[in-house]
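Trainee: Here you go, this is entry20.cif (mmCIF, C-alpha atoms and all ligand atoms).
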data_protein
loop_
_atom_site.label_atom_id
_atom_site.label_comp_id
_atom_site.auth_asym_id
_atom_site.auth_seq_id
_atom_site.Cartn_x
_atom_site.Cartn_y
_atom_site.Cartn_z
CA MET A 1 -73.17 -54.43 7.92
CA GLY A 2 -71.45 -54.67 11.33
CA ILE A 3 -68.48 -52.62 12.45
CA ILE A 4 -66.03 -55.55 12.12
CA GLU A 5 -66.92 -55.91 8.44
CA ASP A 6 -66.51 -52.15 8.04
CA LEU A 7 -63.05 -52.38 9.56
CA GLU A 8 -62.05 -55.27 7.29
CA ALA A 9 -63.24 -53.38 4.25
CA LEU A 10 -61.31 -50.33 5.41
CA ARG A 11 -58.13 -52.38 5.92
CA ALA A 12 -58.36 -53.79 2.39
CA GLU A 13 -59.11 -50.40 0.87
CA GLY A 14 -56.35 -48.68 2.93
CA LEU A 15 -53.72 -51.28 2.06
CA ALA A 16 -54.63 -50.96 -1.61
CA ALA A 17 -54.32 -47.14 -1.41
CA VAL A 18 -50.93 -47.42 0.30
CA GLY A 19 -49.76 -49.88 -2.33
CA ALA A 20 -50.97 -47.59 -5.10
CA ALA A 21 -49.16 -44.48 -3.76
CA GLY A 22 -46.51 -43.77 -6.41
CA ASP A 23 -44.45 -41.23 -4.48
CA LEU A 24 -44.01 -39.79 -0.99
CA PRO A 25 -46.61 -37.00 -1.34
CA ALA A 26 -49.22 -39.54 -2.51
CA LEU A 27 -48.35 -41.79 0.44
CA GLY A 28 -48.73 -38.81 2.81
CA ALA A 29 -52.19 -38.16 1.36
CA ALA A 30 -53.19 -41.82 1.92
CA ARG A 31 -52.00 -41.63 5.54
CA VAL A 32 -54.16 -38.57 6.14
CA ALA A 33 -57.14 -40.17 4.37
CA TYR A 34 -57.09 -43.32 6.52
CA LEU A 35 -55.35 -42.46 9.80
CA GLY A 36 -55.74 -38.66 10.03
CA LYS A 37 -58.07 -36.83 12.46
CA LYS A 38 -60.75 -36.69 9.82
CA GLY A 39 -59.68 -40.02 8.30
CA SER A 40 -61.82 -43.10 7.69
CA LEU A 41 -60.51 -45.11 10.65
CA THR A 42 -61.13 -42.26 13.06
CA GLY A 43 -64.68 -42.05 11.66
CA ILE A 44 -65.32 -45.71 12.46
CA LEU A 45 -63.81 -45.38 15.95
CA ARG A 46 -66.28 -42.64 16.73
CA GLY A 47 -69.01 -45.21 16.17
CA LEU A 48 -67.57 -47.45 18.92
CA GLY A 49 -69.37 -45.46 21.59
CA ALA A 50 -72.71 -46.60 20.21
CA LEU A 51 -71.84 -50.28 20.65
CA SER A 52 -72.91 -52.47 23.55
CA ALA A 53 -70.38 -53.32 26.29
CA GLU A 54 -70.01 -56.89 24.90
CA GLU A 55 -69.35 -55.81 21.35
CA ARG A 56 -66.89 -53.00 22.23
CA PRO A 57 -63.71 -55.00 23.15
CA ALA A 58 -63.70 -57.04 19.94
CA ALA A 59 -64.38 -53.96 17.85
CA GLY A 60 -61.66 -52.05 19.72
CA GLN A 61 -59.14 -54.83 19.09
CA ALA A 62 -60.08 -55.10 15.45
CA SER A 63 -59.72 -51.35 14.88
CA ASN A 64 -56.36 -51.39 16.62
CA ALA A 65 -55.21 -54.21 14.38
CA VAL A 66 -56.31 -52.25 11.28
CA ARG A 67 -54.42 -49.15 12.48
CA VAL A 68 -51.23 -51.18 13.14
CA ALA A 69 -51.56 -52.93 9.78
CA LEU A 70 -51.97 -49.63 7.95
CA GLU A 71 -49.09 -47.98 9.87
CA GLU A 72 -46.79 -50.89 9.06
CA ALA A 73 -47.78 -50.85 5.43
CA ILE A 74 -47.22 -47.10 5.27
CA ALA A 75 -43.79 -47.40 6.94
CA ALA A 76 -42.73 -50.16 4.56
CA ARG A 77 -44.00 -48.22 1.53
CA GLU A 78 -42.20 -45.13 2.76
CA THR A 79 -38.89 -46.96 2.94
CA ALA A 80 -39.38 -48.33 -0.57
CA LEU A 81 -40.44 -44.97 -2.05
CA SER A 82 -37.56 -43.13 -0.33
CA ALA A 83 -35.09 -45.51 -1.91
CA VAL A 84 -36.66 -44.95 -5.34
CA GLU A 85 -36.62 -41.17 -4.74
CA LEU A 86 -32.95 -41.25 -3.78
CA ASP A 87 -32.04 -43.30 -6.85
CA ARG A 88 -33.89 -40.81 -9.04
CA LYS A 89 -32.12 -37.83 -7.43
CA VAL A 90 -28.70 -39.44 -7.73
CA ALA A 91 -29.38 -40.23 -11.38
CA ALA A 92 -30.61 -36.68 -12.06
CA GLU A 93 -27.62 -35.05 -10.37
CA ALA A 94 -25.03 -37.38 -11.84
CA VAL A 95 -21.99 -35.62 -13.32
CA ASP A 96 -20.65 -36.96 -16.59
CA VAL A 97 -16.95 -36.74 -15.90
CA THR A 98 -16.20 -37.74 -19.47
CA LEU A 99 -17.68 -34.49 -20.90
CA PRO A 100 -15.03 -32.03 -22.11
CA GLY A 101 -14.42 -29.15 -19.68
CA ARG A 102 -15.42 -25.56 -20.40
CA ARG A 103 -12.34 -23.77 -21.68
CA ARG A 104 -11.41 -20.40 -20.26
CA ALA A 105 -8.92 -18.57 -22.46
CA PRO A 106 -5.76 -17.99 -20.48
CA GLY A 107 -4.62 -14.37 -20.32
CA HIS A 108 -1.61 -13.39 -22.38
CA CYS A 109 0.88 -10.63 -22.81
CA HIS A 110 -0.48 -7.49 -24.53
CA LEU A 111 0.87 -6.95 -28.05
CA ILE A 112 2.72 -3.80 -26.96
CA ASP A 113 4.60 -5.65 -24.24
CA ARG A 114 5.35 -8.52 -26.59
CA ILE A 115 6.78 -6.27 -29.29
CA THR A 116 8.79 -4.39 -26.63
CA ASP A 117 10.22 -7.73 -25.45
CA GLU A 118 11.03 -8.74 -29.04
CA ILE A 119 12.92 -5.48 -29.65
CA VAL A 120 14.79 -5.75 -26.36
CA GLU A 121 15.67 -9.43 -27.04
CA ILE A 122 17.28 -8.55 -30.38
CA PHE A 123 19.61 -6.06 -28.67
CA LEU A 124 20.30 -8.34 -25.69
CA GLY A 125 21.52 -10.76 -28.35
CA LEU A 126 24.05 -8.10 -29.42
CA GLY A 127 25.33 -7.72 -25.86
CA TYR A 128 23.28 -4.67 -24.80
CA ARG A 129 21.87 -4.24 -21.30
CA VAL A 130 18.49 -2.84 -20.29
CA ALA A 131 18.43 0.61 -18.65
CA GLU A 132 15.47 2.53 -17.25
CA GLY A 133 14.55 6.04 -16.22
CA PRO A 134 11.58 7.80 -14.61
CA GLU A 135 8.40 8.74 -16.49
CA VAL A 136 8.08 11.89 -14.39
CA GLU A 137 11.24 13.60 -15.53
CA LEU A 138 13.15 16.84 -15.18
CA ASP A 139 13.16 19.26 -18.08
CA TYR A 140 16.94 19.13 -17.68
CA TYR A 141 17.14 15.45 -18.76
CA ASN A 142 14.27 15.53 -21.24
CA PHE A 143 15.43 18.67 -23.11
CA THR A 144 18.37 20.72 -21.81
CA ALA A 145 21.05 18.01 -21.56
CA LEU A 146 19.79 16.63 -24.87
CA ASN A 147 20.87 19.88 -26.51
CA HIS A 148 17.43 21.42 -27.01
CA ALA A 149 17.60 25.20 -27.30
CA PRO A 150 15.50 27.06 -24.67
CA GLU A 151 13.01 28.06 -27.39
CA HIS A 152 12.75 24.58 -28.95
CA PRO A 153 9.08 24.05 -29.94
CA ALA A 154 8.81 20.64 -28.22
CA ARG A 155 9.20 22.51 -24.90
CA ALA A 156 5.90 24.35 -25.45
CA ALA A 157 3.17 23.69 -22.92
CA THR A 158 0.94 22.79 -25.87
CA ASP A 159 3.20 19.82 -26.71
CA THR A 160 4.42 18.59 -23.33
CA PHE A 161 2.66 17.73 -20.07
CA TYR A 162 4.23 19.79 -17.30
CA ALA A 163 3.80 19.06 -13.60
CA ARG A 164 4.12 21.52 -10.76
CA ASP A 165 7.45 21.05 -9.03
CA LEU A 166 6.38 20.96 -5.38
CA SER A 167 9.94 20.95 -4.07
CA GLY A 168 10.68 24.42 -5.47
CA GLU A 169 14.33 23.67 -4.79
CA ALA A 170 17.42 23.44 -6.96
CA TYR A 171 18.52 19.94 -8.04
CA GLU A 172 22.04 18.93 -7.16
CA GLY A 173 24.41 19.63 -10.03
CA ILE A 174 21.49 20.82 -12.19
CA GLY A 175 19.88 23.83 -10.58
CA LEU A 176 16.22 24.65 -11.00
CA SER A 177 14.35 22.52 -13.51
CA ASP A 178 10.77 22.17 -14.60
CA VAL A 179 9.13 18.78 -14.02
CA LEU A 180 7.29 17.05 -16.85
CA LEU A 181 6.11 13.71 -18.20
CA ARG A 182 8.95 12.60 -20.44
CA THR A 183 8.20 13.07 -24.12
CA HIS A 184 10.69 10.41 -25.22
CA THR A 185 13.01 7.78 -23.74
CA SER A 186 16.12 9.75 -24.76
CA PRO A 187 16.63 11.24 -21.23
CA VAL A 188 17.64 7.72 -20.14
CA GLN A 189 20.79 8.25 -22.26
CA VAL A 190 21.87 11.18 -20.10
CA ARG A 191 20.91 9.56 -16.78
CA HIS A 192 22.83 6.43 -17.70
CA LEU A 193 25.95 8.27 -18.87
CA GLU A 194 25.97 10.28 -15.62
CA LYS A 195 26.34 7.05 -13.66
CA CYS A 196 28.19 4.67 -15.98
CA PRO A 197 31.40 5.39 -17.88
CA PRO A 198 31.84 3.99 -21.42
CA PRO A 199 31.81 1.44 -22.89
CA VAL A 200 28.01 1.73 -22.86
CA TYR A 201 25.64 -0.53 -24.81
CA ILE A 202 22.10 -0.04 -23.51
CA ILE A 203 18.51 -0.46 -24.61
CA ALA A 204 15.85 1.51 -22.68
CA PRO A 205 12.16 0.63 -23.13
CA GLY A 206 9.47 2.75 -21.53
CA ARG A 207 6.33 4.83 -21.59
CA VAL A 208 6.28 8.39 -22.93
CA TYR A 209 3.70 11.20 -23.06
CA ARG A 210 2.80 13.98 -25.47
CA ARG A 211 -0.06 16.45 -25.60
CA ASP A 212 -1.51 14.95 -28.75
CA ILE A 213 -5.14 14.15 -29.46
CA ALA A 214 -5.55 10.42 -30.12
CA ASP A 215 -6.05 9.68 -33.82
CA PRO A 216 -5.08 6.80 -36.13
CA SER A 217 -1.37 7.64 -35.91
CA HIS A 218 -1.05 9.46 -32.53
CA LEU A 219 -1.61 8.53 -28.91
CA PRO A 220 -1.07 10.91 -25.97
CA GLN A 221 0.65 8.07 -24.14
CA PHE A 222 2.76 5.48 -25.94
CA HIS A 223 5.95 3.43 -25.71
CA GLN A 224 9.42 3.87 -27.08
CA VAL A 225 12.61 1.89 -27.06
CA GLU A 226 15.82 3.89 -26.91
CA GLY A 227 19.28 2.61 -27.77
CA LEU A 228 22.65 4.07 -26.91
CA VAL A 229 26.18 2.96 -27.69
CA VAL A 230 29.27 4.86 -26.53
CA ASP A 231 32.70 3.37 -27.03
CA GLU A 232 36.03 4.04 -28.67
CA GLY A 233 35.96 4.12 -32.46
CA ILE A 234 32.15 3.92 -32.92
CA THR A 235 31.18 5.12 -36.42
CA PHE A 236 28.05 5.77 -38.44
CA GLY A 237 28.85 2.45 -40.15
CA ASP A 238 28.32 0.67 -36.83
CA LEU A 239 24.98 2.44 -36.49
CA LYS A 240 23.89 1.39 -39.98
CA GLY A 241 24.97 -2.22 -39.52
CA THR A 242 23.28 -2.46 -36.12
CA LEU A 243 19.94 -1.03 -37.28
CA ASP A 244 19.95 -3.02 -40.51
CA HIS A 245 20.43 -6.17 -38.42
CA PHE A 246 17.62 -5.05 -36.13
CA CYS A 247 15.16 -4.44 -38.98
CA LYS A 248 15.86 -7.83 -40.55
CA ALA A 249 15.52 -9.60 -37.18
CA MET A 250 12.28 -7.74 -36.45
CA PHE A 251 10.54 -7.77 -39.82
CA GLY A 252 12.27 -10.51 -41.87
CA GLU A 253 15.58 -11.20 -43.63
CA GLU A 254 14.24 -10.03 -47.00
CA ARG A 255 13.59 -6.48 -45.76
CA ARG A 256 15.94 -3.62 -46.74
CA THR A 257 16.68 -0.40 -44.88
CA ARG A 258 17.45 3.12 -45.99
CA PHE A 259 18.82 6.06 -44.01
CA ARG A 260 17.44 9.53 -44.80
CA PRO A 261 19.20 12.63 -43.43
CA HIS A 262 17.16 14.27 -40.66
CA TYR A 263 17.59 16.58 -37.69
CA PHE A 264 17.49 15.77 -33.98
CA PRO A 265 19.00 18.16 -31.40
CA PHE A 266 20.94 15.41 -29.62
CA THR A 267 22.54 13.65 -32.60
CA GLU A 268 24.74 14.93 -35.41
CA PRO A 269 24.52 13.72 -38.09
CA SER A 270 20.99 12.39 -37.66
CA ALA A 271 18.86 10.14 -39.82
CA GLU A 272 15.46 8.59 -40.08
CA VAL A 273 15.39 4.92 -40.98
CA ASP A 274 12.89 3.37 -43.35
CA VAL A 275 12.29 -0.33 -43.84
CA SER A 276 11.11 -1.65 -47.21
CA CYS A 277 7.36 -2.22 -47.31
CA GLY A 278 6.39 -5.78 -46.41
CA ILE A 279 3.13 -5.67 -48.36
CA CYS A 280 4.47 -4.72 -51.80
CA GLY A 281 8.15 -5.56 -51.30
CA GLY A 282 9.10 -1.97 -52.13
CA ALA A 283 7.16 -1.58 -55.38
CA GLY A 284 4.66 0.86 -53.85
CA CYS A 285 1.17 0.20 -52.51
CA ARG A 286 -1.51 1.79 -50.33
CA PHE A 287 0.10 0.59 -47.09
CA CYS A 288 3.36 2.49 -47.82
CA LYS A 289 1.57 5.38 -49.57
CA ASN A 290 3.20 4.31 -52.83
CA SER A 291 6.71 5.05 -51.60
CA GLY A 292 7.80 1.44 -51.06
CA TRP A 293 9.20 2.44 -47.64
CA LEU A 294 7.92 2.66 -44.06
CA GLU A 295 9.52 5.01 -41.54
CA ILE A 296 10.36 3.20 -38.32
CA LEU A 297 12.89 5.11 -36.22
CA GLY A 298 15.18 8.08 -35.64
CA CYS A 299 18.90 7.82 -35.00
CA GLY A 300 22.27 9.52 -35.24
CA MET A 301 25.75 9.99 -33.82
CA VAL A 302 25.61 11.38 -30.27
CA ASP A 303 26.13 15.16 -30.43
CA PRO A 304 29.34 16.27 -28.66
CA ASN A 305 27.23 18.82 -26.74
CA VAL A 306 25.40 15.94 -25.03
CA PHE A 307 28.72 14.38 -24.04
CA GLY A 308 29.64 17.78 -22.61
CA TYR A 309 26.77 17.54 -20.08
CA VAL A 310 28.06 14.19 -18.79
CA ASP A 311 31.81 14.88 -18.98
CA ILE A 312 32.68 12.31 -21.58
CA ASP A 313 35.96 12.88 -23.44
CA THR A 314 34.87 13.49 -27.04
CA GLU A 315 38.44 12.97 -28.26
CA ARG A 316 38.37 9.42 -27.00
CA TYR A 317 34.73 8.35 -27.35
CA THR A 318 32.04 8.50 -29.99
CA GLY A 319 28.59 6.98 -29.91
CA PHE A 320 25.31 6.47 -31.65
CA ALA A 321 21.73 6.53 -30.43
CA PHE A 322 18.35 5.57 -31.80
CA GLY A 323 14.74 5.68 -30.72
CA MET A 324 11.62 3.96 -31.99
CA GLY A 325 7.90 3.94 -31.22
CA VAL A 326 6.64 0.51 -30.15
CA GLU A 327 3.00 1.10 -31.17
CA ARG A 328 4.12 2.14 -34.62
CA ILE A 329 6.31 -0.94 -35.04
CA ALA A 330 3.48 -3.19 -33.84
CA ALA A 331 1.10 -1.50 -36.29
CA LEU A 332 3.53 -1.89 -39.19
CA LYS A 333 4.29 -5.51 -38.35
CA TYR A 334 0.65 -6.57 -38.06
CA GLY A 335 -1.07 -4.09 -40.37
CA VAL A 336 -3.04 -2.39 -37.57
CA PRO A 337 -4.79 0.55 -39.28
CA ASP A 338 -5.41 2.67 -36.16
CA LEU A 339 -3.11 2.93 -33.10
CA ARG A 340 -6.13 3.53 -30.85
CA MET A 341 -7.12 -0.12 -31.34
CA LEU A 342 -4.02 -1.05 -29.33
CA VAL A 343 -5.26 0.73 -26.20
CA GLU A 344 -9.03 0.35 -26.33
CA GLY A 345 -8.98 -3.09 -24.71
CA ASP A 346 -11.45 -4.68 -27.15
CA MET A 347 -10.87 -8.42 -26.71
CA ARG A 348 -12.07 -9.21 -30.25
CA PHE A 349 -9.04 -7.28 -31.47
CA LEU A 350 -6.53 -8.19 -28.75
CA ARG A 351 -7.20 -11.92 -28.90
CA GLN A 352 -5.69 -12.08 -32.38
CA PHE A 353 -2.18 -11.49 -31.11
N1 LIG B 401 13.69 10.87 -29.22
C1 LIG B 401 13.27 10.88 -30.60
C2 LIG B 401 11.76 11.03 -30.66
O1 LIG B 401 11.13 10.93 -29.68
C3 LIG B 401 13.68 9.63 -31.29
C4 LIG B 401 15.14 9.55 -31.45
C5 LIG B 401 15.74 10.08 -32.55
C6 LIG B 401 15.93 8.96 -30.47
C7 LIG B 401 17.12 10.02 -32.72
C8 LIG B 401 17.29 8.90 -30.61
C9 LIG B 401 17.88 9.44 -31.76
O2 LIG B 401 18.09 8.36 -29.70
O3 LIG B 401 19.23 9.37 -31.90
O4 LIG B 401 11.23 11.21 -31.70
#
Show me, as structure tokens, the structure contained in the file I just sent.
Ligand code: DAH
Mentor:
Amino acid sequence: MGIIEDLEALRAEGLAAVGAAGDLPALGAARVAYLGKKGSLTGILRGLGALSAEERPAAGQASNAVRVALEEAIAARETALSAVELDRKVAAEAVDVTLPGRRRAPGHCHLIDRITDEIVEIFLGLGYRVAEGPEVELDYYNFTALNHAPEHPARAATDTFYARDLSGEAYEGIGLSDVLLRTHTSPVQVRHLEKCPPPVYIIAPGRVYRRDIADPSHLPQFHQVEGLVVDEGITFGDLKGTLDHFCKAMFGEERRTRFRPHYFPFTEPSAEVDVSCGICGGAGCRFCKNSGWLEILGCGMVDPNVFGYVDIDTERYTGFAFGMGVERIAALKYGVPDLRMLVEGDMRFLRQF
């Protein structure tokens, strides 16, 4: 068979291979097989040298025509395959905008902050204002001006976190005073009365610290809300009515309150307040240790000795104060069995509130 026939056979075979290439890699392989350095066409061209001078031009032209034909076919096939490839990619990467989005739970207020807000709101509704004081406090405000005797057990270094007072200097109008992390929000009473004359109706939320080991009913750091009212003609009846209203607003209208005599250095008389158990309605159950009552706060009539520290005329003014633990109220309201759950940050627990 002559070289022209070889070329024609090669053209037919090459065009068929190009047509059969299903994707760009296959087309690349066909290009190499027919037009590459070791390809079929190159092989035939090598044979040209053996031809006579008369045969060579025709064979050269024919081989050129085959190369051009194959190149054109390859280019056309490449365009077609690229379009198919692009369509496939677009289809594969298509986004279904009708699919529902992935939900990310929005953050929310921690239960402790929410309960604090609820307590504060109830008293704002009664016309109280919010007051605040420092967490790093002077012994003077935390104990002395709240009528604690120098040997009062709460002052012990085993119960209270003391800080070193770097100033080493006397405080204006107070003298020397130890520095500590406040053990209750009651010092805000004294700080407020120093600045603001009666009538005073304040609610003071905040963080407090005690040297307790964390257990189901104690945390070394927790929150309290303090209340203080000082005005003319304030009686224990006002205190009872106010706290009864608070308990019903906080826990439900059907709840009852009872006042048990107690002792606090800064109030006289003092009481602890119980709210009727929400689980058994007061009949007695495990939640209330069969008593029918749950203790929720301490309160009393402001002791005249406290008024003495802030120069309030005890002939003209009387007042009441109360203080409650926020963690405890949250635990009672939602049946949380262990206060530590409130601070461990376990989302499975926190998400419920
Ligand atoms: N400060 C008290 C405590 O930490 C709670 C308390 C009791 C506050 C009686 C008061 C009060 O204002 O009158 O346990």
Trainee: Would you name the residues within 7 Å of ligand LIG 401 (chain B), counting all atoms listed in the file, and put them as a list in words?
Mentor: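 After applying the 7 Å limit, what remains is Thr183, His184, Thr185, Ser186, Glu226, Gly227, Leu228, Phe264, Phe266, Thr267, Ser270, Leu297, Gly298, Cys299, Gly300, Met301, Val302, Phe320, Ala321, Phe322, Gly323 and Met324 of chain A.
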Trainee: Counting all atoms listed in the file, figure out which residue out of A:Pro216, A:Gly14, A:Gly206, A:Gly282 gets nearest to A:Val120.
Mentor: A:Gly206
Trainee: What is the atom CA of A:Gly60 to atom CA of A:Arg31 distance in Å?
Mentor: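 Interatomic distance, atom CA of A:Gly60 to atom CA of A:Arg31: 20.1 Å.
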Trainee: Fewer than 3 positions away in the same chain doesn't count, so skip those; otherwise give me all residues within 10 Å of stretch 138-154 of chain A, counting all atoms listed in the file, as a PyMOL selection string.
Mentor: chain A and resi 134-135+157-160+162-163+165+171+174-191+210+264-267+302-310
Trainee: Could you please take those selected residues and save C-alpha atoms as a CSV table (one decimal), in the coordinates of the input?
Mentor:
chain,number,residue,atom,x,y,z
A,134,PRO,CA,11.6,7.8,-14.6
A,135,GLU,CA,8.4,8.7,-16.5
A,157,ALA,CA,3.2,23.7,-22.9
A,158,THR,CA,0.9,22.8,-25.9
A,159,ASP,CA,3.2,19.8,-26.7
A,160,THR,CA,4.4,18.6,-23.3
A,162,TYR,CA,4.2,19.8,-17.3
A,163,ALA,CA,3.8,19.1,-13.6
A,165,ASP,CA,7.4,21.0,-9.0
A,171,TYR,CA,18.5,19.9,-8.0
A,174,ILE,CA,21.5,20.8,-12.2
A,175,GLY,CA,19.9,23.8,-10.6
A,176,LEU,CA,16.2,24.6,-11.0
A,177,SER,CA,14.4,22.5,-13.5
A,178,ASP,CA,10.8,22.2,-14.6
A,179,VAL,CA,9.1,18.8,-14.0
A,180,LEU,CA,7.3,17.0,-16.8
A,181,LEU,CA,6.1,13.7,-18.2
A,182,ARG,CA,9.0,12.6,-20.4
A,183,THR,CA,8.2,13.1,-24.1
A,184,HIS,CA,10.7,10.4,-25.2
A,185,THR,CA,13.0,7.8,-23.7
A,186,SER,CA,16.1,9.8,-24.8
A,187,PRO,CA,16.6,11.2,-21.2
A,188,VAL,CA,17.6,7.7,-20.1
A,189,GLN,CA,20.8,8.2,-22.3
A,190,VAL,CA,21.9,11.2,-20.1
A,191,ARG,CA,20.9,9.6,-16.8
A,210,ARG,CA,2.8,14.0,-25.5
A,264,PHE,CA,17.5,15.8,-34.0
A,265,PRO,CA,19.0,18.2,-31.4
A,266,PHE,CA,20.9,15.4,-29.6
A,267,THR,CA,22.5,13.6,-32.6
A,302,VAL,CA,25.6,11.4,-30.3
A,303,ASP,CA,26.1,15.2,-30.4
A,304,PRO,CA,29.3,16.3,-28.7
A,305,ASN,CA,27.2,18.8,-26.7
A,306,VAL,CA,25.4,15.9,-25.0
A,307,PHE,CA,28.7,14.4,-24.0
A,308,GLY,CA,29.6,17.8,-22.6
A,309,TYR,CA,26.8,17.5,-20.1
A,310,VAL,CA,28.1,14.2,-18.8
Trainee: When you draw a straight line from atom CA of A:Ala271 to atom CA of A:Ile296, how long is it in Å?
Mentor: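 Answer for the atom CA of A:Ala271 to atom CA of A:Ile296 separation: 11.1 Å.
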Trainee: Report as a PyMOL selection string all protein, DNA and RNA residues lying within 12 Å of A:Ala17, evaluated on all atoms listed in the file, omitting residues in the same chain fewer than 2 positions from it.
Mentor: chain A and resi 10-15+19-23+26-34+70+73-74+77
Trainee: Go ahead and save the residues from that selection, with C-alpha atoms, as a PDB file, in the frame of the given file.
Mentor:
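File out35.pdb, as written:
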ATOM      1  CA  LEU A  10     -61.310 -50.330   5.410  1.00  0.00           C
ATOM      2  CA  ARG A  11     -58.130 -52.380   5.920  1.00  0.00           C
ATOM      3  CA  ALA A  12     -58.360 -53.790   2.390  1.00  0.00           C
ATOM      4  CA  GLU A  13     -59.110 -50.400   0.870  1.00  0.00           C
ATOM      5  CA  GLY A  14     -56.350 -48.680   2.930  1.00  0.00           C
ATOM      6  CA  LEU A  15     -53.720 -51.280   2.060  1.00  0.00           C
ATOM      7  CA  GLY A  19     -49.760 -49.880  -2.330  1.00  0.00           C
ATOM      8  CA  ALA A  20     -50.970 -47.590  -5.100  1.00  0.00           C
ATOM      9  CA  ALA A  21     -49.160 -44.480  -3.760  1.00  0.00           C
ATOM     10  CA  GLY A  22     -46.510 -43.770  -6.410  1.00  0.00           C
ATOM     11  CA  ASP A  23     -44.450 -41.230  -4.480  1.00  0.00           C
ATOM     12  CA  ALA A  26     -49.220 -39.540  -2.510  1.00  0.00           C
ATOM     13  CA  LEU A  27     -48.350 -41.790   0.440  1.00  0.00           C
ATOM     14  CA  GLY A  28     -48.730 -38.810   2.810  1.00  0.00           C
ATOM     15  CA  ALA A  29     -52.190 -38.160   1.360  1.00  0.00           C
ATOM     16  CA  ALA A  30     -53.190 -41.820   1.920  1.00  0.00           C
ATOM     17  CA  ARG A  31     -52.000 -41.630   5.540  1.00  0.00           C
ATOM     18  CA  VAL A  32     -54.160 -38.570   6.140  1.00  0.00           C
ATOM     19  CA  ALA A  33     -57.140 -40.170   4.370  1.00  0.00           C
ATOM     20  CA  TYR A  34     -57.090 -43.320   6.520  1.00  0.00           C
ATOM     21  CA  LEU A  70     -51.970 -49.630   7.950  1.00  0.00           C
ATOM     22  CA  ALA A  73     -47.780 -50.850   5.430  1.00  0.00           C
ATOM     23  CA  ILE A  74     -47.220 -47.100   5.270  1.00  0.00           C
ATOM     24  CA  ARG A  77     -44.000 -48.220   1.530  1.00  0.00           C
TER      25      ARG A  77
END
